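*Asks:* For reference, the file start-v1.pdb (PDB, C-alpha atoms) is included below:
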```pdb
MODEL        1
ATOM      1  CA  MET Y 102     361.763 154.563 112.270
ATOM      2  CA  ASN Y 103     361.937 151.059 113.709
ATOM      3  CA  LEU Y 104     358.149 150.698 113.360
ATOM      4  CA  PHE Y 105     358.371 151.670 109.675
ATOM      5  CA  ARG Y 106     361.070 149.074 108.965
ATOM      6  CA  SER Y 107     359.249 146.282 110.758
ATOM      7  CA  THR Y 108     355.997 147.128 108.947
ATOM      8  CA  ALA Y 109     357.812 147.132 105.603
ATOM      9  CA  VAL Y 110     359.412 143.756 106.367
ATOM     10  CA  VAL Y 111     356.072 142.246 107.393
ATOM     11  CA  LEU Y 112     354.386 143.529 104.218
ATOM     12  CA  ALA Y 113     357.235 142.256 102.020
ATOM     13  CA  LEU Y 114     357.165 138.790 103.610
ATOM     14  CA  THR Y 115     353.374 138.602 103.429
ATOM     15  CA  THR Y 116     353.410 139.530  99.746
ATOM     16  CA  GLY Y 117     356.152 137.011  99.085
ATOM     17  CA  PHE Y 118     354.312 134.214 100.865
ATOM     18  CA  LEU Y 119     351.081 135.019  99.039
ATOM     19  CA  ALA Y 120     352.853 134.715  95.694
ATOM     20  CA  LEU Y 121     354.333 131.277  96.468
ATOM     21  CA  PRO Y 122     351.315 129.197  95.333
ATOM     22  CA  VAL Y 123     351.265 131.021  91.995
ATOM     23  CA  MET Y 124     354.957 130.432  91.416
ATOM     24  CA  ALA Y 125     354.758 126.798  92.574
ATOM     25  CA  ASN Y 126     352.070 126.027  90.012
ATOM     26  CA  GLY Y 127     354.613 126.246  87.208
ATOM     27  CA  SER Y 128     354.865 128.339  84.133
ATOM     28  CA  GLY Y 129     352.123 126.639  82.130
ATOM     29  CA  PRO Y 130     350.809 128.393  79.037
ATOM     30  CA  SER Y 131     347.524 129.610  80.438
ATOM     31  CA  ASN Y 132     345.898 127.181  82.846
ATOM     32  CA  GLN Y 133     347.169 128.361  86.219
ATOM     33  CA  SER Y 134     344.323 126.788  88.197
ATOM     34  CA  GLY Y 135     344.782 123.230  86.903
ATOM     35  CA  ASP Y 136     341.067 123.042  86.114
ATOM     36  CA  PRO Y 137     340.443 121.771  82.561
ATOM     37  CA  ALA Y 138     337.414 124.076  82.270
ATOM     38  CA  TYR Y 139     339.795 127.030  82.154
ATOM     39  CA  ASP Y 140     342.249 125.621  79.624
ATOM     40  CA  VAL Y 141     342.436 128.328  76.977
ATOM     41  CA  GLN Y 142     344.319 128.242  73.717
ATOM     42  CA  ALA Y 143     345.971 131.408  72.473
ATOM     43  CA  PRO Y 144     346.689 130.901  68.766
ATOM     44  CA  PRO Y 145     348.898 133.365  66.889
ATOM     45  CA  ALA Y 146     347.499 135.780  64.306
ATOM     46  CA  TRP Y 147     348.789 133.806  61.320
ATOM     47  CA  ALA Y 148     346.901 130.714  62.538
ATOM     48  CA  MET Y 149     343.714 132.752  62.882
ATOM     49  CA  MET Y 150     344.067 134.174  59.377
ATOM     50  CA  GLY Y 151     344.767 130.759  57.864
ATOM     51  CA  ASP Y 152     341.801 129.326  59.692
ATOM     52  CA  LEU Y 153     339.519 132.152  58.559
ATOM     53  CA  ILE Y 154     340.603 132.168  54.900
ATOM     54  CA  VAL Y 155     341.290 128.475  54.216
ATOM     55  CA  ALA Y 156     339.938 126.100  56.834
ATOM     56  CA  ARG Y 157     336.516 127.573  57.648
ATOM     57  CA  PRO Y 158     335.253 127.782  54.042
ATOM     58  CA  LEU Y 159     336.452 124.211  53.404
ATOM     59  CA  LEU Y 160     334.776 122.958  56.572
ATOM     60  CA  ILE Y 161     331.511 124.719  55.731
ATOM     61  CA  ALA Y 162     331.638 123.165  52.252
ATOM     62  CA  ALA Y 163     332.345 119.759  53.814
ATOM     63  CA  THR Y 164     329.328 120.200  56.084
ATOM     64  CA  ILE Y 165     327.062 121.033  53.124
ATOM     65  CA  ILE Y 166     328.411 118.185  50.980
ATOM     66  CA  GLY Y 167     328.181 115.826  53.962
ATOM     67  CA  ALA Y 168     324.551 116.808  54.528
ATOM     68  CA  GLY Y 169     323.799 116.001  50.886
ATOM     69  CA  ALA Y 170     325.626 112.682  51.131
ATOM     70  CA  PHE Y 171     323.775 111.904  54.345
ATOM     71  CA  VAL Y 172     320.381 112.492  52.688
ATOM     72  CA  ILE Y 173     321.367 110.357  49.700
ATOM     73  CA  SER Y 174     322.678 107.532  51.907
ATOM     74  CA  LEU Y 175     319.786 107.707  54.390
ATOM     75  CA  PRO Y 176     317.831 104.711  53.015
ATOM     76  CA  PHE Y 177     320.931 102.531  53.179
ATOM     77  CA  THR Y 178     322.022 103.694  56.607
ATOM     78  CA  ALA Y 179     318.476 103.262  57.934
ATOM     79  CA  ALA Y 180     318.432  99.701  56.645
ATOM     80  CA  GLY Y 181     321.812  99.070  58.258
ATOM     81  CA  GLY Y 182     320.784 100.691  61.536
ATOM     82  CA  ASN Y 183     323.583 103.261  61.724
ATOM     83  CA  VAL Y 184     321.830 106.536  60.947
ATOM     84  CA  GLY Y 185     323.286 108.192  64.035
ATOM     85  CA  GLU Y 186     326.873 107.282  63.184
ATOM     86  CA  ALA Y 187     326.482 108.429  59.572
ATOM     87  CA  GLY Y 188     324.927 111.733  60.625
ATOM     88  CA  LYS Y 189     327.673 112.345  63.148
ATOM     89  CA  ALA Y 190     330.477 111.559  60.701
ATOM     90  CA  LEU Y 191     329.038 113.376  57.678
ATOM     91  CA  VAL Y 192     327.312 116.421  59.200
ATOM     92  CA  VAL Y 193     327.950 116.944  62.917
ATOM     93  CA  ASP Y 194     331.743 116.536  63.044
ATOM     94  CA  PRO Y 195     332.529 118.948  60.155
ATOM     95  CA  GLY Y 196     329.875 121.369  61.447
ATOM     96  CA  ARG Y 197     331.375 121.329  64.924
ATOM     97  CA  GLU Y 198     334.836 122.029  63.547
ATOM     98  CA  ALA Y 199     333.471 124.856  61.384
ATOM     99  CA  PHE Y 200     331.209 126.621  63.868
ATOM    100  CA  VAL Y 201     332.186 125.702  67.455
ATOM    101  CA  ARG Y 202     335.985 125.739  67.370
ATOM    102  CA  CYS Y 203     337.582 129.070  68.223
ATOM    103  CA  LEU Y 204     339.400 130.885  65.434
ATOM    104  CA  GLY Y 205     342.868 129.385  65.032
ATOM    105  CA  CYS Y 206     342.437 126.769  67.795
ATOM    106  CA  THR Y 207     343.281 123.137  67.211
ATOM    107  CA  GLU Y 208     340.626 121.627  69.496
ATOM    108  CA  SER Y 209     336.913 122.048  68.959
ATOM    109  CA  GLY Y 210     334.240 122.732  71.502
ATOM    110  CA  TYR Y 211     334.334 124.099  74.984
ATOM    111  CA  LYS Y 212     336.208 122.410  77.793
ATOM    112  CA  ARG Y 213     333.696 121.405  80.407
ATOM    113  CA  PRO Y 214     334.357 119.472  83.605
ATOM    114  CA  GLU Y 215     333.346 115.838  83.602
ATOM    115  CA  GLN Y 216     329.801 115.192  84.808
ATOM    116  CA  GLN Y 217     329.694 112.876  87.827
TER     117      GLN Y 217
ENDMDL
END
```
Could you rewrite the structure in this file as structure tokens?
*Replies:*
Amino acid sequence: MNLFRSTAVVLALTTGFLALPVMANGSGPSNQSGDPAYDVQAPPAWAMMGDLIVARPLLIAATIIGAGAFVISLPFTAAGGNVGEAGKALVVDPGREAFVRCLGCTESGYKRPEQQ
């Protein structure tokens, strides 16, 4: 019986000590590792529905209208030398928000570690 108790105590202490790093990390929302590549948003259902019904159609329309405005303004932006900035502001940014951002999330794109 003494062997059983000592084995149980050793297993309980080992399990407790293995759980210490997890508990010391804090009670953050989802990123337990501290690595920004694994930072995940978990939006509620009402945010997903609002994003699907309201925001995505408006962002797709803004991308289409921005593409038209970009084509119309292309001679002027080419003369001014800022074609890249105009394309990014009128087409790429609304397109990224419409097609890359997860449903209901507030940040667009994927979190990737910094390239060194």
*Asks:* Pull out every residue that the PyMOL selection byres ((chain Y and resi 205) around 6) matches in the shown coordinates and put them as a JSON list (two decimals) with C-alpha atoms, in the frame of the given file.
*Replies:*
```json
[["chain", "number", "residue", "atom", "x", "y", "z"],
["Y", 144, "PRO", "CA", 346.69, 130.90, 68.77],
["Y", 148, "ALA", "CA", 346.90, 130.71, 62.54],
["Y", 149, "MET", "CA", 343.71, 132.75, 62.88],
["Y", 152, "ASP", "CA", 341.80, 129.33, 59.69],
["Y", 204, "LEU", "CA", 339.40, 130.88, 65.43],
["Y", 206, "CYS", "CA", 342.44, 126.77, 67.80]]
```
*Asks:* Within 12 Å of (323.7, 110.6, 53.6), in the coordinates the file gives, what residues turn up when you count all atoms listed in the file, written out as a list in words?
*Replies:*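 I get Thr164, Ile165, Ile166, Gly167, Ala168, Gly169, Ala170, Phe171, Val172, Ile173, Ser174, Leu175, Pro176, Phe177, Thr178, Ala179, Asn183, Val184, Gly185, Glu186, Ala187, Gly188, Lys189, Ala190, Leu191 and Val192 of chain Y for the residues within 12 Å of that point.
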*Asks:* For the structure shown, which residues end up in the PyMOL selection byres ((chain Y and resi 196) around 9)? Put them as a list in words, please?
*Replies:*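 In the shown coordinates, the PyMOL selection byres ((chain Y and resi 196) around 9) covers Leu160, Ile161, Ala163, Thr164, Ile165, Leu191, Val192, Val193, Asp194, Pro195, Arg197, Glu198, Ala199, Phe200 and Val201 of chain Y.
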*Asks:* CA of Ala143 in chain Y and CA of Cys203 in chain Y, how far apart in Å?
*Replies:*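 CA of Ala143 in chain Y lies 9.7 Å from CA of Cys203 in chain Y.
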*Asks:* Could you work out how far CA of Thr207 in chain Y lies from CA of Trp147 in chain Y, giving the answer in Å with one decimal?
*Replies:*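 Rounded to one decimal, the two atoms are 13.4 Å apart.
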*Asks:* Any idea what the distance is between CA of Ala146 in chain Y and CA of Pro158 in chain Y?
*Replies:*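 Between CA of Ala146 in chain Y and CA of Pro158 in chain Y the gap is 17.9 Å.
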*Asks:* Please return the centre and edge lengths, in Å to one decimal, of a box with edges along x, y and z that contains all listed atoms of range 189-198 of chain Y, widened by 6 Å on every side, as lines of an AutoDock Vina configuration file.
*Replies:*
```
center_x = 331.1
center_y = 116.8
center_z = 61.3
size_x = 19.5
size_y = 22.5
size_z = 19.2
```
*Asks:* Pick the closest to Leu153 in chain Y from Y:Arg202, Y:Leu112, Y:Phe105, Y:Gly181: which is it, counting only C-alpha atoms?
*Replies:* Y:Arg202
